[in-house]
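S.K.: Handing you a structure now.
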Amino acid sequence: MTSDDTAIARLTWAWRLAKGWLPQALGALATVFSIIWGAFSEDVWTTGLWALFVAVGLALAAFLTQVLLQKPSYMALAQELRSLEQSTEADAQQLKDESAKKSAVLEQSMLVLLRYIADHCGANANSDRVSVYYFHDDRFVMLARFALHPDFRGAGRAEYPASQGAIGDAWSRGSIAMELPTSRKQWERALVAKHGYTSEQAAALAMHCVGIAALRIEVDRRAVGVIVFESTEPDRVSQATLETAKESKLFAALSELVSVSALLTPRGETLAKPADKPPTVTPSWKPTTSGSGTSPRSGTDERRNV
């Protein structure tokens with residue numbers, strides 16, 4: 001270290017010492033001289049007046065050094081806070097975007113596996129579709145769906161009761177294959193009478209499936225979901241379809257993916273969100289702030305997929 005560096009280091013040390021202790025030292029000296037001034041008793045306004053002036057001067061000096069040396073720049077602090085908030089928001093958005101990309105990749109991976117499973121099982125015609133569901137809290141959530149026909153790809157309802165339809169039957173029994181009536185009216189009646197649907201739910205289904213085969217997904221002797229094969233043509237899916245799928249390594253890969261990654265998919269992430277608060281019921285005697293009354297919902301509901 002050169003002599004110049006030593007001098008700079010000493011000046012820096014002296015500046016930090018003065019900045020840290022000078023206001024306190026001046027304040028302490030002001031207190032001492034105020035005590036000295038008070039010790040003059042009856043001569044405080046004559047002989048001891050000098051001590052008062054010194055005490056006041058030291059107090060002012062302590063105040064000024066406190067303001068000039070130690071007072072933070074509120075403008076700088078505000079700017080730093082804004083920069084920190086912007087940086088935090090940018091990081092949060094980046095994490096959100098990365099999470100969305102990973103979720104989309106998982107969903108796409110399941111979709112690819114479903115497509116290969118459909119090809120392997122011969123359920124890849126324009127009349128067919130294959131869906132995979134994850135079981136969570138007594139309900140099923142569809143994670144991915146493959147269908148050549150664009151009208152059969154829709155997600156339909158967000159959730160499915162564990163006791164409804166072929167999904168619920170396969171969940172309780174392990175697997176199920178069934179044939180349903182080709183007549184739309186008879187088909188809807190069968191869904192209501194035997195499979196836990198209401199008349200409104202049955203009428204809202206877009207895909208008139210006459211053949212359904214569903215298989216429970218199990219990993220390490222633990223049931224995690226259901227894979228469902230559907231077709232609008234008879235004799236397209238059956239118990240043989242399920243046996244072919246069950247023996248496939250593609251189905252084993254899909255099962256593992258559902259088991260470990262279901263909650264990370266776009267639809268699976270909705271299961272981790274807090275439930276919506278129940279609507280607030282306004283007493284009949286309490287006037288509402290809105291001037292207009294409620295009106296029935298207009299228009300017709302679009303038909304949903306299964």
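Residues in the structure tokens are named by chain (A, B, ... in the order shown) and by number from 1 within that chain; ligands are numbered from 1 in the order shown.
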Which residues come within 12 Å of Ser261 in chain A, counting only C-alpha atoms, excluding same-chain residues fewer than 4 positions away, as a PyMOL selection string?
M.R.: chain A and resi 102-107+109-110+134+143+224+253-257+265-269
S.K.: Just N, CA and C atoms for this one: save the residues we selected as a PDB file, in the first residue's frame.
M.R.:
```pdb
ATOM      1  N   LYS A 102     -43.952 -24.740 -18.370  1.00  0.00           N
ATOM      2  CA  LYS A 102     -43.749 -26.113 -17.906  1.00  0.00           C
ATOM      3  C   LYS A 102     -45.075 -26.868 -17.836  1.00  0.00           C
ATOM      4  N   SER A 103     -46.125 -26.174 -17.389  1.00  0.00           N
ATOM      5  CA  SER A 103     -47.443 -26.808 -17.328  1.00  0.00           C
ATOM      6  C   SER A 103     -47.919 -27.200 -18.720  1.00  0.00           C
ATOM      7  N   ALA A 104     -47.702 -26.298 -19.684  1.00  0.00           N
ATOM      8  CA  ALA A 104     -48.109 -26.593 -21.059  1.00  0.00           C
ATOM      9  C   ALA A 104     -47.326 -27.775 -21.625  1.00  0.00           C
ATOM     10  N   VAL A 105     -46.046 -27.867 -21.276  1.00  0.00           N
ATOM     11  CA  VAL A 105     -45.228 -28.990 -21.748  1.00  0.00           C
ATOM     12  C   VAL A 105     -45.745 -30.308 -21.174  1.00  0.00           C
ATOM     13  N   LEU A 106     -46.117 -30.305 -19.884  1.00  0.00           N
ATOM     14  CA  LEU A 106     -46.654 -31.521 -19.271  1.00  0.00           C
ATOM     15  C   LEU A 106     -47.960 -31.944 -19.935  1.00  0.00           C
ATOM     16  N   GLU A 107     -48.834 -30.970 -20.182  1.00  0.00           N
ATOM     17  CA  GLU A 107     -50.098 -31.284 -20.840  1.00  0.00           C
ATOM     18  C   GLU A 107     -49.858 -31.825 -22.244  1.00  0.00           C
ATOM     19  N   SER A 109     -47.209 -33.371 -23.257  1.00  0.00           N
ATOM     20  CA  SER A 109     -46.634 -34.717 -23.134  1.00  0.00           C
ATOM     21  C   SER A 109     -47.728 -35.756 -22.937  1.00  0.00           C
ATOM     22  N   MET A 110     -48.709 -35.434 -22.089  1.00  0.00           N
ATOM     23  CA  MET A 110     -49.836 -36.355 -21.889  1.00  0.00           C
ATOM     24  C   MET A 110     -50.642 -36.522 -23.172  1.00  0.00           C
ATOM     25  N   TYR A 134     -57.671 -37.163 -13.579  1.00  0.00           N
ATOM     26  CA  TYR A 134     -56.976 -37.287 -12.289  1.00  0.00           C
ATOM     27  C   TYR A 134     -57.995 -37.186 -11.167  1.00  0.00           C
ATOM     28  N   LEU A 143     -57.172 -34.021 -17.501  1.00  0.00           N
ATOM     29  CA  LEU A 143     -55.842 -33.457 -17.700  1.00  0.00           C
ATOM     30  C   LEU A 143     -55.502 -33.283 -19.174  1.00  0.00           C
ATOM     31  N   VAL A 224     -54.908 -43.418  -9.035  1.00  0.00           N
ATOM     32  CA  VAL A 224     -54.682 -41.979  -9.201  1.00  0.00           C
ATOM     33  C   VAL A 224     -55.606 -41.343 -10.237  1.00  0.00           C
ATOM     34  N   ALA A 253     -46.183 -45.343 -18.902  1.00  0.00           N
ATOM     35  CA  ALA A 253     -45.568 -44.014 -18.868  1.00  0.00           C
ATOM     36  C   ALA A 253     -46.594 -42.940 -18.536  1.00  0.00           C
ATOM     37  N   LEU A 254     -47.784 -43.052 -19.134  1.00  0.00           N
ATOM     38  CA  LEU A 254     -48.848 -42.094 -18.839  1.00  0.00           C
ATOM     39  C   LEU A 254     -49.255 -42.168 -17.372  1.00  0.00           C
ATOM     40  N   SER A 255     -49.337 -43.369 -16.831  1.00  0.00           N
ATOM     41  CA  SER A 255     -49.723 -43.543 -15.431  1.00  0.00           C
ATOM     42  C   SER A 255     -48.731 -42.858 -14.501  1.00  0.00           C
ATOM     43  N   GLU A 256     -47.450 -43.035 -14.759  1.00  0.00           N
ATOM     44  CA  GLU A 256     -46.427 -42.389 -13.930  1.00  0.00           C
ATOM     45  C   GLU A 256     -46.512 -40.874 -14.050  1.00  0.00           C
ATOM     46  N   LEU A 257     -46.749 -40.392 -15.257  1.00  0.00           N
ATOM     47  CA  LEU A 257     -46.830 -38.950 -15.466  1.00  0.00           C
ATOM     48  C   LEU A 257     -48.033 -38.358 -14.739  1.00  0.00           C
ATOM     49  N   THR A 265     -50.096 -29.610 -14.178  1.00  0.00           N
ATOM     50  CA  THR A 265     -50.677 -29.308 -15.482  1.00  0.00           C
ATOM     51  C   THR A 265     -51.610 -28.103 -15.370  1.00  0.00           C
ATOM     52  N   PRO A 266     -51.951 -27.461 -16.485  1.00  0.00           N
ATOM     53  CA  PRO A 266     -52.831 -26.281 -16.408  1.00  0.00           C
ATOM     54  C   PRO A 266     -54.137 -26.543 -15.682  1.00  0.00           C
ATOM     55  N   ARG A 267     -54.792 -27.676 -15.960  1.00  0.00           N
ATOM     56  CA  ARG A 267     -56.057 -27.963 -15.277  1.00  0.00           C
ATOM     57  C   ARG A 267     -55.815 -28.457 -13.860  1.00  0.00           C
ATOM     58  N   GLY A 268     -54.724 -29.174 -13.655  1.00  0.00           N
ATOM     59  CA  GLY A 268     -54.415 -29.653 -12.312  1.00  0.00           C
ATOM     60  C   GLY A 268     -54.083 -28.533 -11.349  1.00  0.00           C
ATOM     61  N   GLU A 269     -53.503 -27.444 -11.861  1.00  0.00           N
ATOM     62  CA  GLU A 269     -53.166 -26.316 -10.998  1.00  0.00           C
ATOM     63  C   GLU A 269     -54.405 -25.672 -10.390  1.00  0.00           C
TER      64      GLU A 269
END
```
S.K.: Neighbouring residues of Thr241 in chain A were defined as those with any atom within 8 Å, considering only C-alpha atoms; residues of the same chain fewer than 3 positions away were excluded. Please report them as a CSV table (one decimal) with N, CA and C atoms, in the first residue's frame.
M.R.:
```csv
chain,number,residue,atom,x,y,z
A,121,CYS,N,-54.1,-48.9,-29.6
A,121,CYS,CA,-55.3,-49.6,-29.3
A,121,CYS,C,-56.4,-49.6,-30.4
A,122,GLY,N,-56.1,-49.0,-31.5
A,122,GLY,CA,-57.0,-48.9,-32.6
A,122,GLY,C,-58.2,-48.0,-32.3
A,123,ALA,N,-58.0,-47.0,-31.4
A,123,ALA,CA,-59.1,-46.1,-31.1
A,123,ALA,C,-58.7,-44.7,-31.6
A,213,ALA,N,-65.2,-47.3,-22.9
A,213,ALA,CA,-64.4,-48.3,-22.1
A,213,ALA,C,-63.5,-47.4,-21.2
A,237,VAL,N,-64.8,-49.6,-29.3
A,237,VAL,CA,-64.0,-49.7,-28.0
A,237,VAL,C,-64.7,-50.8,-27.2
A,238,SER,N,-63.9,-51.6,-26.5
A,238,SER,CA,-64.4,-52.7,-25.7
A,238,SER,C,-63.4,-53.0,-24.6
A,244,THR,N,-55.5,-54.2,-24.1
A,244,THR,CA,-54.4,-53.8,-25.0
A,244,THR,C,-53.6,-52.6,-24.4
A,245,ALA,N,-54.4,-51.6,-23.9
A,245,ALA,CA,-53.8,-50.4,-23.3
A,245,ALA,C,-53.0,-50.8,-22.0
```
S.K.: If you run DSSP on the backbone, which residues of range 45-290 of chain A are strand (DSSP E), as a ChimeraX atom specification?
M.R.: /A:128-136,139-147,160-161,175-179,211-219,222-231
S.K.: Keeping only N, CA and C atoms, write the selected residues to a file as a compact mmCIF listing (two decimals), in the first residue's frame.
M.R.:
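What landed in again09.txt:
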```
# COMPACT_ATOMS: atom_id res chain seq x y z
N ASP A 128 -63.63 -41.48 -32.63
CA ASP A 128 -63.10 -41.87 -31.32
C ASP A 128 -62.45 -40.69 -30.59
N ARG A 129 -62.30 -40.88 -29.30
CA ARG A 129 -61.48 -39.97 -28.51
C ARG A 129 -61.01 -40.71 -27.25
N VAL A 130 -59.89 -40.21 -26.71
CA VAL A 130 -59.30 -40.79 -25.50
C VAL A 130 -59.01 -39.64 -24.54
N SER A 131 -59.38 -39.82 -23.27
CA SER A 131 -59.19 -38.78 -22.26
C SER A 131 -58.56 -39.40 -21.01
N VAL A 132 -57.79 -38.58 -20.29
CA VAL A 132 -57.22 -39.03 -19.02
C VAL A 132 -57.66 -38.08 -17.92
N TYR A 133 -58.05 -38.66 -16.80
CA TYR A 133 -58.59 -37.90 -15.67
C TYR A 133 -57.76 -38.18 -14.42
N TYR A 134 -57.67 -37.16 -13.58
CA TYR A 134 -56.98 -37.29 -12.29
C TYR A 134 -58.00 -37.19 -11.17
N PHE A 135 -57.87 -38.06 -10.17
CA PHE A 135 -58.82 -38.08 -9.05
C PHE A 135 -58.28 -37.22 -7.91
N HIS A 136 -59.13 -36.32 -7.41
CA HIS A 136 -58.72 -35.44 -6.32
C HIS A 136 -59.95 -34.99 -5.54
N ARG A 139 -63.51 -36.09 -6.75
CA ARG A 139 -63.92 -35.61 -8.07
C ARG A 139 -62.80 -35.88 -9.07
N PHE A 140 -63.16 -35.84 -10.34
CA PHE A 140 -62.19 -36.05 -11.41
C PHE A 140 -61.99 -34.76 -12.19
N VAL A 141 -60.74 -34.54 -12.58
CA VAL A 141 -60.39 -33.39 -13.42
C VAL A 141 -59.69 -33.92 -14.67
N MET A 142 -60.17 -33.50 -15.83
CA MET A 142 -59.56 -33.96 -17.07
C MET A 142 -58.23 -33.24 -17.28
N LEU A 143 -57.17 -34.02 -17.50
CA LEU A 143 -55.84 -33.46 -17.70
C LEU A 143 -55.50 -33.28 -19.17
N ALA A 144 -55.93 -34.21 -20.01
CA ALA A 144 -55.62 -34.13 -21.45
C ALA A 144 -56.63 -34.97 -22.21
N ARG A 145 -56.80 -34.63 -23.49
CA ARG A 145 -57.77 -35.34 -24.33
C ARG A 145 -57.27 -35.34 -25.77
N PHE A 146 -57.36 -36.51 -26.42
CA PHE A 146 -56.99 -36.62 -27.83
C PHE A 146 -58.20 -37.06 -28.64
N ALA A 147 -58.44 -36.37 -29.75
CA ALA A 147 -59.51 -36.74 -30.69
C ALA A 147 -59.18 -36.14 -32.05
N TYR A 160 -65.80 -33.59 -12.59
CA TYR A 160 -66.75 -34.68 -12.75
C TYR A 160 -66.89 -35.41 -11.42
N PRO A 161 -68.09 -35.63 -10.92
CA PRO A 161 -68.27 -36.35 -9.66
C PRO A 161 -67.73 -37.77 -9.76
N SER A 175 -62.31 -51.36 -14.00
CA SER A 175 -62.49 -51.14 -15.44
C SER A 175 -63.94 -51.40 -15.78
N ILE A 176 -64.35 -50.85 -16.92
CA ILE A 176 -65.72 -51.06 -17.39
C ILE A 176 -65.78 -50.81 -18.89
N ALA A 177 -66.57 -51.60 -19.58
CA ALA A 177 -66.82 -51.40 -21.01
C ALA A 177 -68.32 -51.56 -21.23
N MET A 178 -68.91 -50.64 -21.96
CA MET A 178 -70.36 -50.68 -22.14
C MET A 178 -70.76 -50.18 -23.52
N GLU A 179 -71.93 -50.64 -23.94
CA GLU A 179 -72.56 -50.15 -25.16
C GLU A 179 -73.82 -49.40 -24.78
N GLY A 211 -70.20 -46.29 -27.48
CA GLY A 211 -69.25 -47.24 -26.92
C GLY A 211 -68.30 -46.53 -25.98
N ILE A 212 -68.19 -47.03 -24.74
CA ILE A 212 -67.31 -46.42 -23.74
C ILE A 212 -66.55 -47.54 -23.03
N ALA A 213 -65.25 -47.33 -22.87
CA ALA A 213 -64.41 -48.25 -22.10
C ALA A 213 -63.48 -47.42 -21.23
N ALA A 214 -63.45 -47.71 -19.94
CA ALA A 214 -62.67 -46.91 -19.00
C ALA A 214 -61.83 -47.83 -18.12
N LEU A 215 -60.61 -47.38 -17.82
CA LEU A 215 -59.67 -48.18 -17.03
C LEU A 215 -59.07 -47.32 -15.92
N ARG A 216 -59.09 -47.86 -14.72
CA ARG A 216 -58.50 -47.13 -13.59
C ARG A 216 -56.98 -47.12 -13.70
N ILE A 217 -56.38 -45.97 -13.43
CA ILE A 217 -54.93 -45.82 -13.47
C ILE A 217 -54.38 -46.05 -12.07
N GLU A 218 -53.46 -47.01 -11.96
CA GLU A 218 -52.88 -47.34 -10.66
C GLU A 218 -51.36 -47.27 -10.75
N VAL A 219 -50.75 -46.69 -9.72
CA VAL A 219 -49.29 -46.60 -9.64
C VAL A 219 -48.88 -47.02 -8.23
N ARG A 222 -51.67 -47.80 -5.97
CA ARG A 222 -52.44 -46.61 -5.56
C ARG A 222 -53.18 -46.07 -6.77
N ALA A 223 -54.50 -45.95 -6.65
CA ALA A 223 -55.32 -45.44 -7.75
C ALA A 223 -55.17 -43.93 -7.84
N VAL A 224 -54.91 -43.42 -9.04
CA VAL A 224 -54.68 -41.98 -9.20
C VAL A 224 -55.61 -41.34 -10.24
N GLY A 225 -56.19 -42.14 -11.12
CA GLY A 225 -57.02 -41.55 -12.16
C GLY A 225 -57.69 -42.60 -13.02
N VAL A 226 -58.20 -42.15 -14.15
CA VAL A 226 -58.92 -43.03 -15.08
C VAL A 226 -58.63 -42.60 -16.51
N ILE A 227 -58.43 -43.57 -17.40
CA ILE A 227 -58.34 -43.29 -18.84
C ILE A 227 -59.63 -43.80 -19.48
N VAL A 228 -60.20 -42.99 -20.37
CA VAL A 228 -61.51 -43.30 -20.95
C VAL A 228 -61.41 -43.30 -22.48
N PHE A 229 -61.87 -44.39 -23.10
CA PHE A 229 -61.99 -44.50 -24.55
C PHE A 229 -63.46 -44.36 -24.91
N GLU A 230 -63.77 -43.52 -25.89
CA GLU A 230 -65.16 -43.30 -26.30
C GLU A 230 -65.25 -43.33 -27.83
N SER A 231 -66.42 -43.69 -28.32
CA SER A 231 -66.64 -43.70 -29.76
C SER A 231 -68.12 -43.50 -30.06
```
S.K.: Mind running range 40-150 of chain A against range 23-31 of chain A at 12 Å and telling me each contacting residue's nearest atom pair with the distance in Å (one decimal), counting only C-alpha atoms, chain and number ascending, as a tab-separated table?
M.R.:
```
residue	atom	partner	partner_atom	distance
A:Ala51	CA	A:Ala30	CA	9.3
A:Leu52	CA	A:Ala30	CA	9.0
A:Phe53	CA	A:Ala30	CA	9.7
A:Val54	CA	A:Ala30	CA	7.2
A:Ala55	CA	A:Ala30	CA	4.3
A:Val56	CA	A:Ala30	CA	6.8
A:Gly57	CA	A:Ala30	CA	7.7
A:Leu58	CA	A:Ala30	CA	5.0
A:Ala59	CA	A:Ala30	CA	5.4
A:Leu60	CA	A:Gly27	CA	8.7
A:Ala61	CA	A:Leu26	CA	6.8
A:Ala62	CA	A:Pro23	CA	4.5
A:Phe63	CA	A:Pro23	CA	7.0
A:Leu64	CA	A:Pro23	CA	8.2
A:Thr65	CA	A:Pro23	CA	5.6
A:Gln66	CA	A:Pro23	CA	5.5
A:Val67	CA	A:Pro23	CA	9.2
A:Leu68	CA	A:Pro23	CA	10.0
A:Leu69	CA	A:Pro23	CA	8.6
A:Gln70	CA	A:Pro23	CA	8.8
A:Lys71	CA	A:Pro23	CA	11.3
```
S.K.: Of the candidates A:Arg10, A:His195, A:Lys185, A:His149, which shows the shortest atom-to-atom distance to Gly168 in chain A, using only C-alpha atoms?
M.R.: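 That would be A:His195, the residue with the smallest distance to Gly168 in chain A.
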S.K.: Go through A:Ile117, A:Ile167, A:Leu84, A:Leu205 one by one, measure the shortest atom-to-atom distance of each to Ala155 in chain A using only C-alpha atoms, and give the residue with the smallest value.
M.R.: A:Leu205
S.K.: What gap, in Å, lies between CA of Lys246 in chain A and CA of Ala170 in chain A?
M.R.: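 Between CA of Lys246 in chain A and CA of Ala170 in chain A the gap is 13.6 Å.
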S.K.: When you count only C-alpha atoms, which of these residues is closest to Val258 in chain A: A:Ala204, A:Ala162, A:Leu111, A:His120?
M.R.: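 Once distances to Val258 in chain A are computed over only C-alpha atoms, the minimum belongs to A:Leu111.
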S.K.: Identify which of the residues A:His208, A:Glu233, A:Ala240, A:Arg82 lies closest to Arg184 in chain A, counting only C-alpha atoms when measuring atom-to-atom distances.
M.R.: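 Of A:His208, A:Glu233, A:Ala240, A:Arg82, the one nearest Arg184 in chain A is A:His208, counting only C-alpha atoms.
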S.K.: From a DSSP pass on the backbone, collect the residues of range 19-231 of chain A flagged as alpha helix (DSSP H) and hand them back as a PDB file with C-alpha atoms, in the first residue's frame.
M.R.:
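Saved to selection05.pdb:
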```pdb
ATOM      1  CA  LYS A  19     -20.322  10.848  10.216  1.00  0.00           C
ATOM      2  CA  GLY A  20     -21.170   8.233  12.794  1.00  0.00           C
ATOM      3  CA  TRP A  21     -20.232   9.971  16.043  1.00  0.00           C
ATOM      4  CA  LEU A  22     -19.968  13.732  15.451  1.00  0.00           C
ATOM      5  CA  PRO A  23     -23.683  14.527  15.956  1.00  0.00           C
ATOM      6  CA  GLN A  24     -23.770  12.507  19.180  1.00  0.00           C
ATOM      7  CA  ALA A  25     -20.510  14.067  20.427  1.00  0.00           C
ATOM      8  CA  LEU A  26     -21.745  17.599  19.743  1.00  0.00           C
ATOM      9  CA  GLY A  27     -25.030  16.821  21.474  1.00  0.00           C
ATOM     10  CA  ALA A  28     -23.170  15.485  24.515  1.00  0.00           C
ATOM     11  CA  LEU A  29     -20.983  18.626  24.665  1.00  0.00           C
ATOM     12  CA  ALA A  30     -24.088  20.804  24.407  1.00  0.00           C
ATOM     13  CA  THR A  31     -25.501  18.967  27.418  1.00  0.00           C
ATOM     14  CA  VAL A  32     -22.267  19.468  29.379  1.00  0.00           C
ATOM     15  CA  PHE A  33     -22.186  23.224  28.710  1.00  0.00           C
ATOM     16  CA  SER A  34     -25.858  23.565  29.590  1.00  0.00           C
ATOM     17  CA  ILE A  35     -25.038  21.974  32.954  1.00  0.00           C
ATOM     18  CA  ILE A  36     -22.113  24.379  33.374  1.00  0.00           C
ATOM     19  CA  TRP A  37     -24.408  27.289  32.560  1.00  0.00           C
ATOM     20  CA  GLY A  38     -26.889  26.113  35.190  1.00  0.00           C
ATOM     21  CA  ALA A  39     -24.085  25.877  37.757  1.00  0.00           C
ATOM     22  CA  LEU A  49     -24.087  33.670  29.733  1.00  0.00           C
ATOM     23  CA  TRP A  50     -21.179  32.466  27.613  1.00  0.00           C
ATOM     24  CA  ALA A  51     -21.886  28.839  28.601  1.00  0.00           C
ATOM     25  CA  LEU A  52     -25.478  29.215  27.367  1.00  0.00           C
ATOM     26  CA  PHE A  53     -24.277  30.508  24.010  1.00  0.00           C
ATOM     27  CA  VAL A  54     -21.803  27.624  23.695  1.00  0.00           C
ATOM     28  CA  ALA A  55     -24.480  25.057  24.616  1.00  0.00           C
ATOM     29  CA  VAL A  56     -26.952  26.501  22.093  1.00  0.00           C
ATOM     30  CA  GLY A  57     -24.263  26.635  19.409  1.00  0.00           C
ATOM     31  CA  LEU A  58     -23.247  23.041  20.032  1.00  0.00           C
ATOM     32  CA  ALA A  59     -26.890  21.931  19.945  1.00  0.00           C
ATOM     33  CA  LEU A  60     -27.417  23.682  16.613  1.00  0.00           C
ATOM     34  CA  ALA A  61     -24.205  22.147  15.290  1.00  0.00           C
ATOM     35  CA  ALA A  62     -25.368  18.693  16.394  1.00  0.00           C
ATOM     36  CA  PHE A  63     -28.690  19.230  14.637  1.00  0.00           C
ATOM     37  CA  LEU A  64     -27.064  20.414  11.414  1.00  0.00           C
ATOM     38  CA  THR A  65     -24.548  17.576  11.329  1.00  0.00           C
ATOM     39  CA  TYR A  74     -36.137  10.182   0.949  1.00  0.00           C
ATOM     40  CA  MET A  75     -36.165  10.707  -2.798  1.00  0.00           C
ATOM     41  CA  ALA A  76     -33.397   8.138  -3.173  1.00  0.00           C
ATOM     42  CA  LEU A  77     -35.158   5.748  -0.812  1.00  0.00           C
ATOM     43  CA  ALA A  78     -38.421   6.115  -2.731  1.00  0.00           C
ATOM     44  CA  GLN A  79     -36.639   5.494  -6.020  1.00  0.00           C
ATOM     45  CA  GLU A  80     -34.906   2.446  -4.567  1.00  0.00           C
ATOM     46  CA  LEU A  81     -38.241   1.140  -3.285  1.00  0.00           C
ATOM     47  CA  ARG A  82     -39.855   1.599  -6.704  1.00  0.00           C
ATOM     48  CA  SER A  83     -36.955  -0.171  -8.372  1.00  0.00           C
ATOM     49  CA  LEU A  84     -37.221  -3.024  -5.886  1.00  0.00           C
ATOM     50  CA  GLU A  85     -40.984  -3.337  -6.452  1.00  0.00           C
ATOM     51  CA  GLN A  86     -40.530  -3.341 -10.225  1.00  0.00           C
ATOM     52  CA  SER A  87     -37.788  -5.947  -9.950  1.00  0.00           C
ATOM     53  CA  THR A  88     -39.974  -8.104  -7.696  1.00  0.00           C
ATOM     54  CA  GLU A  89     -42.926  -7.843 -10.091  1.00  0.00           C
ATOM     55  CA  ALA A  90     -40.698  -8.717 -13.037  1.00  0.00           C
ATOM     56  CA  ASP A  91     -39.304 -11.753 -11.198  1.00  0.00           C
ATOM     57  CA  ALA A  92     -42.803 -12.879 -10.208  1.00  0.00           C
ATOM     58  CA  GLN A  93     -44.041 -12.542 -13.792  1.00  0.00           C
ATOM     59  CA  GLN A  94     -41.016 -14.442 -15.070  1.00  0.00           C
ATOM     60  CA  LEU A  95     -41.666 -17.270 -12.606  1.00  0.00           C
ATOM     61  CA  LYS A  96     -45.325 -17.297 -13.613  1.00  0.00           C
ATOM     62  CA  ASP A  97     -44.435 -17.466 -17.308  1.00  0.00           C
ATOM     63  CA  GLU A  98     -41.917 -20.255 -16.727  1.00  0.00           C
ATOM     64  CA  SER A  99     -44.464 -22.192 -14.665  1.00  0.00           C
ATOM     65  CA  ALA A 100     -47.072 -21.791 -17.421  1.00  0.00           C
ATOM     66  CA  LYS A 101     -44.596 -23.069 -20.021  1.00  0.00           C
ATOM     67  CA  LYS A 102     -43.749 -26.113 -17.906  1.00  0.00           C
ATOM     68  CA  SER A 103     -47.443 -26.808 -17.328  1.00  0.00           C
ATOM     69  CA  ALA A 104     -48.109 -26.593 -21.059  1.00  0.00           C
ATOM     70  CA  VAL A 105     -45.228 -28.990 -21.748  1.00  0.00           C
ATOM     71  CA  LEU A 106     -46.654 -31.521 -19.271  1.00  0.00           C
ATOM     72  CA  GLU A 107     -50.098 -31.284 -20.840  1.00  0.00           C
ATOM     73  CA  GLN A 108     -48.614 -31.680 -24.310  1.00  0.00           C
ATOM     74  CA  SER A 109     -46.634 -34.717 -23.134  1.00  0.00           C
ATOM     75  CA  MET A 110     -49.836 -36.355 -21.889  1.00  0.00           C
ATOM     76  CA  LEU A 111     -51.559 -35.492 -25.160  1.00  0.00           C
ATOM     77  CA  VAL A 112     -48.773 -37.142 -27.166  1.00  0.00           C
ATOM     78  CA  LEU A 113     -48.973 -40.267 -25.009  1.00  0.00           C
ATOM     79  CA  LEU A 114     -52.748 -40.387 -25.467  1.00  0.00           C
ATOM     80  CA  ARG A 115     -52.317 -40.134 -29.235  1.00  0.00           C
ATOM     81  CA  TYR A 116     -49.866 -43.048 -29.271  1.00  0.00           C
ATOM     82  CA  ILE A 117     -52.101 -45.070 -26.953  1.00  0.00           C
ATOM     83  CA  ALA A 118     -55.070 -44.419 -29.257  1.00  0.00           C
ATOM     84  CA  ASP A 119     -53.024 -45.596 -32.245  1.00  0.00           C
ATOM     85  CA  HIS A 120     -51.797 -48.651 -30.341  1.00  0.00           C
ATOM     86  CA  CYS A 121     -55.329 -49.635 -29.272  1.00  0.00           C
ATOM     87  CA  GLY A 165     -70.749 -42.049 -15.598  1.00  0.00           C
ATOM     88  CA  ALA A 166     -68.219 -44.569 -16.825  1.00  0.00           C
ATOM     89  CA  ILE A 167     -65.467 -42.672 -15.010  1.00  0.00           C
ATOM     90  CA  GLY A 168     -67.031 -43.374 -11.638  1.00  0.00           C
ATOM     91  CA  ASP A 169     -67.812 -46.992 -12.558  1.00  0.00           C
ATOM     92  CA  ALA A 170     -64.218 -47.644 -13.630  1.00  0.00           C
ATOM     93  CA  TRP A 171     -62.913 -45.944 -10.496  1.00  0.00           C
ATOM     94  CA  SER A 172     -64.936 -48.223  -8.227  1.00  0.00           C
ATOM     95  CA  ARG A 173     -64.604 -51.450 -10.230  1.00  0.00           C
ATOM     96  CA  ARG A 184     -80.274 -39.901 -28.780  1.00  0.00           C
ATOM     97  CA  LYS A 185     -83.400 -39.904 -26.599  1.00  0.00           C
ATOM     98  CA  GLN A 186     -82.849 -43.449 -25.385  1.00  0.00           C
ATOM     99  CA  TRP A 187     -79.178 -42.626 -24.828  1.00  0.00           C
ATOM    100  CA  GLU A 188     -80.039 -39.675 -22.589  1.00  0.00           C
ATOM    101  CA  ARG A 189     -82.568 -41.768 -20.663  1.00  0.00           C
ATOM    102  CA  ALA A 190     -79.923 -44.452 -20.082  1.00  0.00           C
ATOM    103  CA  LEU A 191     -77.476 -41.885 -18.725  1.00  0.00           C
ATOM    104  CA  VAL A 192     -80.093 -40.574 -16.310  1.00  0.00           C
ATOM    105  CA  ALA A 193     -81.392 -43.978 -15.222  1.00  0.00           C
ATOM    106  CA  LYS A 194     -78.106 -45.874 -14.857  1.00  0.00           C
ATOM    107  CA  SER A 199     -81.699 -34.747 -17.602  1.00  0.00           C
ATOM    108  CA  GLU A 200     -80.061 -31.364 -18.160  1.00  0.00           C
ATOM    109  CA  GLN A 201     -76.537 -32.796 -18.004  1.00  0.00           C
ATOM    110  CA  ALA A 202     -77.375 -35.607 -20.421  1.00  0.00           C
ATOM    111  CA  ALA A 203     -78.974 -33.223 -22.907  1.00  0.00           C
ATOM    112  CA  ALA A 204     -75.941 -30.918 -22.771  1.00  0.00           C
TER     113      ALA A 204
END
```
S.K.: Could you jot down the CA of Met207 in chain A to CA of Phe152 in chain A separation for me, Å, one decimal place?
M.R.: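 Going from CA of Met207 in chain A over to CA of Phe152 in chain A covers 6.5 Å.
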